[in-house]
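Q: Dropping a structure here in structure tokens format, bear with me for questions.
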Amino acid sequence: MDKFETYEKMGIERCVFDYCERIAEKLKERFYTIDETAERNQLKVLHAFRKNQVQEACMMGTSGYGYNDIGRDTLEKVYADIFHAEDALVRPQITCGTHALALALMSNLRPGDRILSASGRPYDTLEEVIGIRDSLGSLKEYGIGYDEAPLLPDGGFDFGKIRDSLKPKTRLIAIQRSKGYSDRRTFSTRQIGECIDFLRSLRDDLIIMVDNCYGEFVEDIEPTDVGADMAVGSLIKNPGGGLAPIGGYIAGKKECIENAAVRLTSPGLGREVGASLGMMRDFYQGLFLSPTVTASALKGAIFAANIYESLGYYVLPDGSEDRYDIIQSVTFNDPEALMSFCRGIQAASPVDSHVRPEPWDMPGYDSKVIMAAGSFISGSSIELSADGPLREPYAVYFQGGLTWPHAKFGIINTLQHLVNDELIDRSLFK
């Protein structure tokens with residue numbers, strides 16, 4: 001069967017298919033480079049599995065208190081080795097990335113301490129954790145202060161503002177690797193390392209925490225390789241490989257991890273409790289697959305950038321620049337186009353493809369958000385997904401794709417939806 005015939009059965013017109021195929025053909029060499037990074041990361045993961053003697057017993061899981069959970073304890077050693085860290089906390093009881101970040105902050109700060117965000121305003125959901133927006137149980141309620149160093153106009157770290165924003169009570173520096181819903185470029189691990197070196201030159205008593213969400217395995221080094229005290233992320237993003245059904249991780253300095261374990265459970269119990277509840281096989285297998293899954297998502301992001309940039313839309317990152325996370329934004333300046341894109345992703349999903357996404361008041365956000373996520377794991381953003389706040393400039397944030405063919409079809413389907421909704425003219429594809 002001709003390739004187009006399979007796409008035609010999925011509702012894709014010839015002009016849309018041919019246009020996208022021409023772009024995909026031009027990306028083959030670049031995709032080869034991505035595969036080489038995935039190969040290095042795959043061997044790094046495998047080395048950690050072998051070093052820590054992962055065995056069948058690790059897959060069994062525990063219930064109740066979870067004492068002597070060999071699978072849980074071994075997995076945390078595997079994560080520590082992958083991140084070249086002293087220790088790691090990897091638990092299903094950490095419900096999401098925001099929870100992991102909140103845990104890292106709340107466990108390593110005390111009343112009177114201050115946080116400095118060195119990467120400008122943090123992601124929306126952290127605003128309520130910190131108390132930028134008033135919220136029950138925020139760090140602000142516990143007497144923990146907050147300062148912010150805006151970025152340079154080009155999106156880089158402003159070392160002068162960072163230095164000027166440090167206060168005697170500043171205890172923790174927060175750096176967000178990915179751009180979130182902001183119009184800036186994601187930081188490379190090298191850039192984060194330069195910022196950490198600068199901070200260490202000013203003071204050696206600071207705890208430096210990096211929000212690593214969406215960045216794991218995109219490069220072959222992680223923030224802990226360049227001096228971060230904690231790298232924090234979600235298992236339903238890159239490191240879960242699409243199999244982890246829940247969970248988060250914190251990898252870094254032993255003292256920071258012990259503090260987090262005590263805060264997660266209870267003083268006196270710490271990391272010794274916390275049953276794995278039969279999830280270990282998914283955690284291990286997802287981690288093992290994550291370098292190649294991340295590579296597939298990265299290809300999808302680059303494909304999307306090149307398609308929409310060629311049609312005249314503002315995309316970030318652009319179609320040719322280096323990548324440091326799996327997120328691709330496309331600015332439509334039109335709420336209808338934003339919603340049409342998300343509906344194209346939803347219709348391309350293996351689960352709930354018949355559902356029509358609508359904007360809603362999503363917890364943790366200050367404006368309505370439309371989210372397309374027809375995923376096997378609810379809310380899993382390593383799976384094919386797209387979302388965006390219904391506010392100017394009406395940018396969509398696309399990420400994920402467990403396989404390159406699925407990511408490819410999802411992007412092609414967004415274009416077809418925009419054509420069907422008469423938001424893009426077919427004449428552009430000639």
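In the structure tokens, chains take letters A, B, ... by order of appearance, with residues numbered from 1 within each chain and ligands from 1 in the order shown.
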Would you give me, as a short mmCIF file (atom, residue, chain, number, x, y, z; two decimals) with C-alpha atoms, in the first residue's frame, the residues in stretch 136-378 of chain A that DSSP reads as alpha helix (DSSP H)?

A:
data_model
loop_
_atom_site.label_atom_id
_atom_site.label_comp_id
_atom_site.auth_asym_id
_atom_site.auth_seq_id
_atom_site.Cartn_x
_atom_site.Cartn_y
_atom_site.Cartn_z
CA PHE A 159 24.19 37.77 36.42
CA GLY A 160 24.11 41.37 37.62
CA LYS A 161 20.45 41.10 38.67
CA ILE A 162 21.11 37.72 40.28
CA ARG A 163 23.96 39.19 42.35
CA ASP A 164 21.89 42.23 43.33
CA SER A 165 18.90 40.05 44.30
CA THR A 189 22.83 22.28 30.78
CA ARG A 190 25.98 24.25 29.89
CA GLN A 191 24.17 27.56 30.52
CA ILE A 192 22.85 26.25 33.83
CA GLY A 193 26.39 25.22 34.75
CA GLU A 194 27.68 28.73 34.03
CA CYS A 195 24.99 30.19 36.29
CA ILE A 196 25.84 27.71 39.05
CA ASP A 197 29.55 28.56 38.79
CA PHE A 198 28.69 32.25 39.10
CA LEU A 199 26.53 31.62 42.17
CA ARG A 200 29.24 29.53 43.81
CA SER A 201 31.70 32.38 43.25
CA LEU A 202 29.41 34.63 45.29
CA LYS A 254 22.53 13.31 50.18
CA GLU A 255 21.52 15.89 52.80
CA CYS A 256 18.94 17.47 50.48
CA ILE A 257 17.47 14.07 49.63
CA GLU A 258 17.26 13.01 53.27
CA ASN A 259 15.42 16.25 54.08
CA ALA A 260 12.97 15.54 51.26
CA ALA A 261 12.38 11.96 52.43
CA VAL A 262 11.56 13.11 55.95
CA ARG A 263 9.15 15.73 54.65
CA LEU A 264 7.50 13.24 52.26
CA MET A 280 8.18 -1.05 40.07
CA ARG A 281 8.09 -2.88 36.75
CA ASP A 282 6.62 0.21 35.04
CA PHE A 283 9.15 2.49 36.74
CA TYR A 284 12.12 0.35 35.69
CA GLN A 285 10.94 -0.42 32.18
CA GLY A 286 9.84 3.17 31.58
CA LEU A 287 13.24 4.46 32.69
CA PHE A 288 14.98 1.93 30.46
CA LEU A 289 12.94 3.08 27.43
CA SER A 290 13.10 6.79 28.23
CA PRO A 291 16.18 7.74 26.15
CA THR A 292 14.58 6.49 22.92
CA VAL A 293 11.11 7.75 23.86
CA THR A 294 12.59 11.19 24.56
CA ALA A 295 14.32 11.08 21.18
CA SER A 296 10.98 10.39 19.47
CA ALA A 297 9.37 13.34 21.26
CA LEU A 298 12.31 15.55 20.30
CA LYS A 299 11.92 14.63 16.62
CA GLY A 300 8.23 15.52 16.81
CA ALA A 301 9.04 18.93 18.29
CA ILE A 302 11.58 19.70 15.57
CA PHE A 303 9.16 18.52 12.87
CA ALA A 304 6.44 20.80 14.26
CA ALA A 305 8.80 23.77 14.39
CA ASN A 306 9.86 23.37 10.79
CA ILE A 307 6.30 22.95 9.49
CA TYR A 308 4.81 25.94 11.26
CA GLU A 309 7.84 28.18 10.80
CA SER A 310 7.66 27.52 7.05
CA PRO A 335 -7.64 31.67 20.03
CA GLU A 336 -9.47 29.69 17.35
CA ALA A 337 -6.20 28.49 15.80
CA LEU A 338 -4.85 27.52 19.24
CA MET A 339 -7.96 25.44 19.91
CA SER A 340 -7.93 23.89 16.42
CA PHE A 341 -4.32 22.76 16.89
CA CYS A 342 -5.16 21.10 20.22
CA ARG A 343 -8.18 19.39 18.70
CA GLY A 344 -5.97 18.00 15.95
CA ILE A 345 -3.68 16.46 18.57
CA GLN A 346 -6.62 15.03 20.48
CA ALA A 347 -8.07 13.47 17.32
#

Q: Tell me, counting only C-alpha atoms, for each residue of stretch 201-249 of chain A within 6 Å of stretch 86-103 of chain A, which pair of atoms is nearest and how far apart they are in Å to one decimal, in rows ordered by chain and increasing number, as a Markdown table.

A:
| residue | atom | partner | partner_atom | distance |
| --- | --- | --- | --- | --- |
| A:Gly233 | CA | A:Gly97 | CA | 5.2 |
| A:Ser234 | CA | A:Gly97 | CA | 4.3 |
| A:Ile246 | CA | A:Pro92 | CA | 5.7 |
| A:Gly247 | CA | A:Pro92 | CA | 4.1 |
| A:Gly248 | CA | A:Ile94 | CA | 5.1 |
| A:Tyr249 | CA | A:Val90 | CA | 4.4 |

Q: Output C-alpha atoms for every residue in the selection just made, as an mmCIF file, in the first residue's frame.

A:
data_model
loop_
_atom_site.group_PDB
_atom_site.id
_atom_site.type_symbol
_atom_site.label_atom_id
_atom_site.label_comp_id
_atom_site.auth_asym_id
_atom_site.auth_seq_id
_atom_site.Cartn_x
_atom_site.Cartn_y
_atom_site.Cartn_z
ATOM 1 C CA GLY A 233 11.220 16.105 37.788
ATOM 2 C CA SER A 234 8.132 14.044 37.059
ATOM 3 C CA ILE A 246 2.553 8.399 38.566
ATOM 4 C CA GLY A 247 5.576 9.573 40.470
ATOM 5 C CA GLY A 248 8.380 12.071 40.744
ATOM 6 C CA TYR A 249 12.067 12.182 41.563
#

Q: To one decimal place in Å, what is the distance between atom CA of A:Leu139 and atom CA of A:Leu105?

A: 8.5 Å

Q: Counting only C-alpha atoms, which residue out of A:Ile175, A:Ala38, A:Leu152, A:Ala348 sits closest to A:Ile221?

A: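 So, comparing all the options, the nearest one is A:Ala38.
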
Q: Counting only C-alpha atoms, which residue out of A:Asn333, A:Asn52, A:Asn108, A:Ser138 sits closest to A:Lys253?

A: A:Asn108

Q: Can you build me a table of stretch 232-316 of chain A residues sitting at most 6 Å from stretch 380-385 of chain A, with the closest atom pair per residue and its distance in Å to one decimal, using only C-alpha atoms, sorted by chain and residue number, as CSV?

A:
residue,atom,partner,partner_atom,distance
A:Ile236,CA,A:Ser380,CA,4.9
A:Lys237,CA,A:Ile382,CA,4.6
A:Asn238,CA,A:Ile382,CA,5.6

Q: Write out as a PyMOL selection string the residues lying within 10 Å of A:Gly252, counting only C-alpha atoms and excluding same-chain residues fewer than 4 positions away.

A: chain A and resi 79-80+83-89+208-209+223-225+227-232+256-257

Q: What's around A:Ile82 at 7 Å? Count only C-alpha atoms, leave out sequence neighbours fewer than 3 positions away in its own chain, and write the answer as a ChimeraX atom specification.

A: /A:44-45,48,78-79

Q: Choose the residue, out of A:Val396, A:Ile327, A:Leu428, A:Met362, that has the smallest atom-to-atom separation from A:Gly215; count only C-alpha atoms.

A: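 Comparing A:Val396, A:Ile327, A:Leu428, A:Met362 against A:Gly215, the winner is A:Ile327.
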
Q: Which value, in Å to one decimal, gives the distance between atom CA of A:Ile411 and atom CA of A:Asp2?

A: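 Going from atom CA of A:Ile411 over to atom CA of A:Asp2 covers 20.1 Å.
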
Q: Hey, what's within 10 Å of A:Arg14 if we count only C-alpha atoms and toss same-chain stuff fewer than 6 positions away? As a count of residues only, please?

A: 6

Q: Given the choices A:Gly180, A:Ser329, A:Met371, A:Leu116, which gets closest to A:Pro359 if the distance is worked out from only C-alpha atoms?

A: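 For A:Pro359, the nearest of the given residues is A:Met371.
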
Q: From the options A:Glu321, A:Glu272, A:Asp334, A:Asp134, which residue's atoms come nearest to A:Asp69, counting only C-alpha atoms?

A: A:Glu272
